[in-house]
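One structure is given here, and the rest of the page talks about it.
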Amino acid sequence: MKELASGFTLIEGPVWDAERGLLFSDVHDGGVFCLAADGEVSQVVEHRRGIGGMALHHRGGLVVGGRNVAYKGPATEGTAILLDREACGGVGFNDLTTDFAGRVYVGSLGASPFDPGVEQRSGALHLLDLDGSTRVLAEGILLTNGLGFSPDGSRLYHSDSRRQIVGVYDVREDGSVSERRVFATFDDGAPDGLAVAEDGAVFVAVAGGGKVRVFAPDGNERSAIEVPLPMVTSVCFGGAELHDLFIVTGSRGAESDHSGTIYRAHVDIPGQPVAPARVSLDPRT
């Protein structure tokens, strides 16, 4: 495992862009950054805080979570709001992913995960369809986090950090999902961001556990990747032929408030490509 960059508060939302490199957010200090192949870090989006999940958009730019789900990029002037938090009655949105068609699946937060003193309301799983319409697919997620599809698109994995489980839904042709089942349970930290490999293995960041746990498609644990910092927040595949696993962390349990770090580990089985979002930038509910 190699350390690639450090000095951030809470790194989240890693996304691989084959043309630019690894895109990631800094939740507390704000902004989206790009780590290029030569190790140089540049800022892509300024200011915006609270981005827990991102996806590339086929028209360029990014779909990002946070206080709303928004598009930032060259296809519009300024920020295009795709799903506002008023629509879900929560405080914002966390991790997100796309299916093969380019629809966006995103989890809403019923309460801030950074304020344990507030009432802990549950959030929901939302779908942003290609025409810009939105709908609620599932409810009762206590703390929504990582999302990812099986290689054939038939299953959607979803971390619920407060319940300490990764759940799984069966996915229907219209994008809707079945009732959630428990895929894996955690007693060594909270499941956070996740990514799925080409063979269906599910790689799950363990926040507070200092590791990434790897599960076979049947839910049995295959292995674990130890990480030098405890607050492992997310993972994504990238690099040549997606044989690199990028692991990102926050600063909790480290020496300073700016210890968030990006690591890279080689994996034998490549990652599954994540399709760019194709949702309309002229949304309707």
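Labeling convention for the structure tokens: chains A, B, ... as they appear, residues from 1 per chain, ligands from 1 in order of appearance.
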#### Entry: Contacts of region 38-44 of chain A at 8 Å (only C-alpha atoms; same-chain gap of 4+ positions) as number ranges by chain
A: 4-5, 31-34
Leaving out Val196 (chain A) and any residue of its chain fewer than 3 positions from it, which residues lie within 12 Å of it when counting only C-alpha atoms, given as a JSON list (two decimals) with N, CA, C and O atoms, in the first residue's frame?
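Output contents, as saved in result08.json:
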[["chain", "number", "residue", "atom", "x", "y", "z"],
["A", 97, "THR", "N", -24.45, 6.67, -6.39],
["A", 97, "THR", "CA", -23.85, 5.89, -7.46],
["A", 97, "THR", "C", -24.78, 5.94, -8.67],
["A", 97, "THR", "O", -25.87, 6.52, -8.61],
["A", 146, "GLY", "N", -22.23, 4.04, 1.62],
["A", 146, "GLY", "CA", -21.83, 3.53, 0.33],
["A", 146, "GLY", "C", -22.92, 2.83, -0.46],
["A", 146, "GLY", "O", -23.76, 2.12, 0.09],
["A", 147, "LEU", "N", -22.87, 3.00, -1.79],
["A", 147, "LEU", "CA", -23.80, 2.39, -2.72],
["A", 147, "LEU", "C", -23.02, 1.81, -3.90],
["A", 147, "LEU", "O", -22.06, 2.43, -4.38],
["A", 148, "GLY", "N", -23.43, 0.64, -4.39],
["A", 148, "GLY", "CA", -22.77, 0.06, -5.55],
["A", 148, "GLY", "C", -23.57, -1.11, -6.10],
["A", 148, "GLY", "O", -24.25, -1.81, -5.36],
["A", 149, "PHE", "N", -23.47, -1.31, -7.41],
["A", 149, "PHE", "CA", -24.23, -2.35, -8.10],
["A", 149, "PHE", "C", -23.39, -3.61, -8.34],
["A", 149, "PHE", "O", -22.17, -3.52, -8.55],
["A", 150, "SER", "N", -24.06, -4.75, -8.35],
["A", 150, "SER", "CA", -23.43, -5.99, -8.75],
["A", 150, "SER", "C", -23.10, -5.90, -10.25],
["A", 150, "SER", "O", -23.67, -5.09, -10.97],
["A", 151, "PRO", "N", -22.17, -6.73, -10.73],
["A", 151, "PRO", "CA", -21.75, -6.62, -12.13],
["A", 151, "PRO", "C", -22.88, -6.77, -13.15],
["A", 151, "PRO", "O", -22.81, -6.17, -14.23],
["A", 152, "ASP", "N", -23.91, -7.54, -12.84],
["A", 152, "ASP", "CA", -25.03, -7.68, -13.78],
["A", 152, "ASP", "C", -26.14, -6.68, -13.53],
["A", 152, "ASP", "O", -27.17, -6.70, -14.24],
["A", 153, "GLY", "N", -25.96, -5.80, -12.54],
["A", 153, "GLY", "CA", -26.95, -4.76, -12.26],
["A", 153, "GLY", "C", -28.19, -5.23, -11.54],
["A", 153, "GLY", "O", -29.11, -4.45, -11.31],
["A", 155, "ARG", "N", -28.41, -6.36, -8.40],
["A", 155, "ARG", "CA", -28.42, -6.09, -6.97],
["A", 155, "ARG", "C", -27.75, -4.76, -6.68],
["A", 155, "ARG", "O", -26.76, -4.40, -7.33],
["A", 156, "LEU", "N", -28.27, -4.06, -5.68],
["A", 156, "LEU", "CA", -27.70, -2.80, -5.21],
["A", 156, "LEU", "C", -27.31, -2.97, -3.75],
["A", 156, "LEU", "O", -28.14, -3.31, -2.91],
["A", 157, "TYR", "N", -26.04, -2.72, -3.46],
["A", 157, "TYR", "CA", -25.53, -2.79, -2.09],
["A", 157, "TYR", "C", -25.59, -1.39, -1.47],
["A", 157, "TYR", "O", -25.36, -0.38, -2.15],
["A", 158, "HIS", "N", -25.87, -1.32, -0.16],
["A", 158, "HIS", "CA", -26.11, -0.03, 0.49],
["A", 158, "HIS", "C", -25.69, -0.11, 1.96],
["A", 158, "HIS", "O", -26.26, -0.87, 2.74],
["A", 193, "GLY", "N", -18.16, 3.87, 2.67],
["A", 193, "GLY", "CA", -18.20, 3.75, 1.23],
["A", 193, "GLY", "C", -17.84, 2.35, 0.76],
["A", 193, "GLY", "O", -17.16, 1.60, 1.46],
["A", 199, "ASP", "N", -15.60, -9.40, -10.43],
["A", 199, "ASP", "CA", -16.12, -10.73, -10.09],
["A", 199, "ASP", "C", -17.25, -10.68, -9.08],
["A", 199, "ASP", "O", -17.71, -11.71, -8.60],
["A", 200, "GLY", "N", -17.72, -9.46, -8.73],
["A", 200, "GLY", "CA", -18.84, -9.32, -7.80],
["A", 200, "GLY", "C", -18.44, -9.14, -6.36],
["A", 200, "GLY", "O", -19.32, -8.94, -5.51],
["A", 201, "ALA", "N", -17.15, -9.19, -6.04],
["A", 201, "ALA", "CA", -16.72, -8.96, -4.66],
["A", 201, "ALA", "C", -17.02, -7.52, -4.26],
["A", 201, "ALA", "O", -16.88, -6.59, -5.06],
["A", 202, "VAL", "N", -17.42, -7.35, -3.01],
["A", 202, "VAL", "CA", -17.79, -6.04, -2.48],
["A", 202, "VAL", "C", -16.73, -5.58, -1.50],
["A", 202, "VAL", "O", -16.49, -6.24, -0.48],
["A", 203, "PHE", "N", -16.07, -4.46, -1.80],
["A", 203, "PHE", "CA", -15.03, -3.87, -0.97],
["A", 203, "PHE", "C", -15.66, -2.76, -0.13],
["A", 203, "PHE", "O", -16.18, -1.79, -0.69],
["A", 204, "VAL", "N", -15.61, -2.90, 1.20],
["A", 204, "VAL", "CA", -16.30, -1.97, 2.09],
["A", 204, "VAL", "C", -15.31, -1.29, 3.03],
["A", 204, "VAL", "O", -14.57, -1.97, 3.77],
["A", 205, "ALA", "N", -15.28, 0.04, 3.02],
["A", 205, "ALA", "CA", -14.47, 0.80, 3.97],
["A", 205, "ALA", "C", -15.09, 0.68, 5.35],
["A", 205, "ALA", "O", -16.31, 0.81, 5.51],
["A", 213, "ARG", "N", -12.89, -4.29, 4.27],
["A", 213, "ARG", "CA", -13.29, -5.69, 4.26],
["A", 213, "ARG", "C", -13.81, -6.07, 2.89],
["A", 213, "ARG", "O", -14.52, -5.28, 2.24],
["A", 214, "VAL", "N", -13.46, -7.28, 2.45],
["A", 214, "VAL", "CA", -13.81, -7.75, 1.11],
["A", 214, "VAL", "C", -14.73, -8.95, 1.24],
["A", 214, "VAL", "O", -14.38, -9.95, 1.87],
["A", 215, "PHE", "N", -15.91, -8.86, 0.61],
["A", 215, "PHE", "CA", -16.93, -9.90, 0.72],
["A", 215, "PHE", "C", -17.20, -10.52, -0.64],
["A", 215, "PHE", "O", -17.29, -9.83, -1.66],
["A", 216, "ALA", "N", -17.35, -11.84, -0.66],
["A", 216, "ALA", "CA", -17.79, -12.54, -1.86],
["A", 216, "ALA", "C", -19.26, -12.19, -2.12],
["A", 216, "ALA", "O", -19.97, -11.71, -1.22],
["A", 217, "PRO", "N", -19.77, -12.43, -3.33],
["A", 217, "PRO", "CA", -21.18, -12.12, -3.62],
["A", 217, "PRO", "C", -22.19, -12.82, -2.73],
["A", 217, "PRO", "O", -23.33, -12.35, -2.60],
["A", 235, "VAL", "N", -13.79, 3.89, -0.81],
["A", 235, "VAL", "CA", -12.89, 3.22, -1.75],
["A", 235, "VAL", "C", -13.43, 3.40, -3.16],
["A", 235, "VAL", "O", -14.62, 3.59, -3.37],
["A", 236, "CYS", "N", -12.52, 3.33, -4.13],
["A", 236, "CYS", "CA", -12.94, 3.19, -5.52],
["A", 236, "CYS", "C", -11.82, 2.55, -6.32],
["A", 236, "CYS", "O", -10.65, 2.59, -5.92],
["A", 237, "PHE", "N", -12.18, 1.93, -7.44],
["A", 237, "PHE", "CA", -11.20, 1.34, -8.33],
["A", 237, "PHE", "C", -10.77, 2.34, -9.39],
["A", 237, "PHE", "O", -11.56, 3.19, -9.81],
["A", 238, "GLY", "N", -9.52, 2.25, -9.82],
["A", 238, "GLY", "CA", -9.03, 3.14, -10.85],
["A", 238, "GLY", "C", -7.70, 2.64, -11.40],
["A", 238, "GLY", "O", -7.34, 1.48, -11.21],
["A", 242, "LEU", "N", -8.23, -0.67, -14.07],
["A", 242, "LEU", "CA", -8.94, -0.70, -12.78],
["A", 242, "LEU", "C", -8.36, -1.71, -11.81],
["A", 242, "LEU", "O", -9.08, -2.30, -10.99],
["A", 245, "LEU", "N", -6.83, -0.03, -6.18],
["A", 245, "LEU", "CA", -7.88, 0.29, -5.22],
["A", 245, "LEU", "C", -7.43, 1.55, -4.47],
["A", 245, "LEU", "O", -6.42, 1.53, -3.77],
["A", 269, "ILE", "N", -8.06, -8.77, -8.93],
["A", 269, "ILE", "CA", -9.32, -8.73, -9.69],
["A", 269, "ILE", "C", -9.67, -7.27, -9.92],
["A", 269, "ILE", "O", -9.80, -6.50, -8.96],
["A", 270, "PRO", "N", -9.84, -6.83, -11.16],
["A", 270, "PRO", "CA", -10.10, -5.40, -11.40],
["A", 270, "PRO", "C", -11.48, -4.98, -10.92],
["A", 270, "PRO", "O", -12.37, -5.80, -10.70],
["A", 271, "GLY", "N", -11.63, -3.68, -10.78],
["A", 271, "GLY", "CA", -12.92, -3.13, -10.40],
["A", 271, "GLY", "C", -13.89, -3.11, -11.56],
["A", 271, "GLY", "O", -13.53, -3.22, -12.73],
["A", 272, "GLN", "N", -15.16, -2.98, -11.21],
["A", 272, "GLN", "CA", -16.21, -2.83, -12.20],
["A", 272, "GLN", "C", -16.32, -1.35, -12.57],
["A", 272, "GLN", "O", -16.42, -0.50, -11.68],
["A", 273, "PRO", "N", -16.32, -1.00, -13.85],
["A", 273, "PRO", "CA", -16.48, 0.42, -14.21],
["A", 273, "PRO", "C", -17.82, 0.96, -13.73],
["A", 273, "PRO", "O", -18.83, 0.25, -13.73],
["A", 274, "VAL", "N", -17.83, 2.22, -13.32],
["A", 274, "VAL", "CA", -19.06, 2.90, -12.90],
["A", 274, "VAL", "C", -19.48, 3.84, -14.03],
["A", 274, "VAL", "O", -18.70, 4.71, -14.44]]
### Task
Determine, counting only C-alpha atoms, which protein, DNA and RNA residues have an atom within 10 Å of an atom of Pro228 (chain A); residues of the same chain fewer than 4 positions away are not included. Present the result as a PyMOL selection string.
chain A and resi 1+3+210-211+232+249+254+261+263
For the residues in the current selection, export all heavy atoms as a short mmCIF file (atom, residue, chain, number, x, y, z; two decimals), in the first residue's frame.
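Contents of selection-v2.cif, as written:
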data_model
loop_
_atom_site.label_atom_id
_atom_site.label_comp_id
_atom_site.auth_asym_id
_atom_site.auth_seq_id
_atom_site.Cartn_x
_atom_site.Cartn_y
_atom_site.Cartn_z
N MET A 1 0.84 -1.20 0.00
CA MET A 1 0.00 0.00 0.00
C MET A 1 0.88 1.24 0.00
O MET A 1 1.85 1.31 0.74
CB MET A 1 -0.92 0.00 1.23
CG MET A 1 -1.86 1.19 1.29
SD MET A 1 -2.95 1.13 2.71
CE MET A 1 -3.85 -0.37 2.38
N GLU A 3 1.06 5.55 0.19
CA GLU A 3 0.40 6.82 0.49
C GLU A 3 0.64 7.78 -0.68
O GLU A 3 1.77 7.98 -1.12
CB GLU A 3 0.97 7.42 1.78
CG GLU A 3 0.35 8.76 2.14
CD GLU A 3 0.90 9.34 3.42
OE1 GLU A 3 1.11 8.56 4.39
OE2 GLU A 3 1.13 10.57 3.47
N GLY A 210 -10.10 0.92 10.63
CA GLY A 210 -8.78 0.88 10.03
C GLY A 210 -8.57 -0.20 9.00
O GLY A 210 -7.49 -0.78 8.90
N LYS A 211 -9.60 -0.48 8.21
CA LYS A 211 -9.46 -1.56 7.23
C LYS A 211 -10.51 -1.42 6.13
O LYS A 211 -11.48 -0.66 6.23
CB LYS A 211 -9.61 -2.91 7.91
CG LYS A 211 -11.02 -3.20 8.43
CD LYS A 211 -11.11 -4.54 9.15
CE LYS A 211 -10.43 -4.51 10.50
NZ LYS A 211 -10.69 -5.74 11.29
N VAL A 232 -11.39 5.00 7.94
CA VAL A 232 -11.43 4.66 6.51
C VAL A 232 -12.84 4.95 6.01
O VAL A 232 -13.81 4.35 6.46
CB VAL A 232 -11.06 3.19 6.29
CG1 VAL A 232 -10.99 2.88 4.80
CG2 VAL A 232 -9.73 2.86 6.96
N THR A 249 -9.37 8.35 3.69
CA THR A 249 -9.63 8.37 5.13
C THR A 249 -9.98 9.77 5.61
O THR A 249 -9.74 10.76 4.92
CB THR A 249 -8.41 7.90 5.95
OG1 THR A 249 -7.46 8.96 6.04
CG2 THR A 249 -7.75 6.68 5.32
N ALA A 254 -6.41 10.32 14.27
CA ALA A 254 -5.07 10.60 13.77
C ALA A 254 -4.46 11.75 14.56
O ALA A 254 -5.04 12.27 15.51
CB ALA A 254 -5.12 10.94 12.29
N THR A 261 -6.08 11.10 4.31
CA THR A 261 -5.04 10.58 3.43
C THR A 261 -5.64 9.70 2.34
O THR A 261 -6.66 9.04 2.54
CB THR A 261 -4.01 9.78 4.26
OG1 THR A 261 -3.43 10.64 5.25
CG2 THR A 261 -2.91 9.21 3.38
N TYR A 263 -4.64 6.47 -0.08
CA TYR A 263 -3.73 5.35 -0.27
C TYR A 263 -4.10 4.61 -1.56
O TYR A 263 -5.24 4.70 -2.03
CB TYR A 263 -3.82 4.37 0.90
CG TYR A 263 -3.45 4.95 2.24
CD1 TYR A 263 -4.43 5.42 3.11
CD2 TYR A 263 -2.13 5.01 2.66
CE1 TYR A 263 -4.10 5.94 4.35
CE2 TYR A 263 -1.79 5.52 3.90
CZ TYR A 263 -2.78 6.00 4.74
OH TYR A 263 -2.45 6.51 5.97
#
### Message
Please identify the strand (DSSP E) residues within region 56-161 of chain A (assignment by DSSP from backbone atoms) and present them as an NGL selection string.
### Response
:A and (56 or 62-64 or 68-72 or 80-84 or 92-98 or 104-109 or 123-128 or 134-141 or 144-149 or 155-160)
### Task
Rank nothing, just name the residue among A:Val177, A:Ile247, A:Ile81, A:Leu109 nearest to Val69 (chain A), using only C-alpha atoms.
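Nearest to Val69 (chain A): A:Ile81.
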### Best match for closeness to Val63 (chain A) among A:Ala277, A:Ile225, A:Ala184, A:Leu83, counting only C-alpha atoms
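Checking each of A:Ala277, A:Ile225, A:Ala184, A:Leu83 against Val63 (chain A), counting only C-alpha atoms, the winner is A:Ala277.
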### Query
For Asp218 (chain A), which of A:Ser122, A:Val182, A:Lys2, A:Gln164 is the closest residue, counting only C-alpha atoms?
A:Val182
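Counting only C-alpha atoms and comparing A:Ala265, A:Pro191, A:Arg121, A:Gly89, the residue that lies closest to Gly239 (chain A) is A:Ala265.
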### Message
Using only C-alpha atoms, can you tell me which of A:Val168, A:Leu62, A:Ala18, A:Ala275 comes closest to Asp99 (chain A)?
### Response
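With only C-alpha atoms as the atom set, the closest residue is A:Ala275.
Neighbouring residues of Glu12 (chain A) at 10 Å or closer, counting only C-alpha atoms and skipping chain neighbours under 5 positions away, are Leu23, Phe24, Ser25, Asp26, Val27, Val32, Gly50, Ile51, Gly52, Gly53, Met54, Asn94, Asp95, Asp192, Gly193, Val232, Thr233, Ser234, Val235, Ile247, Val248, Thr249, Gly250 and Gly260 of chain A.
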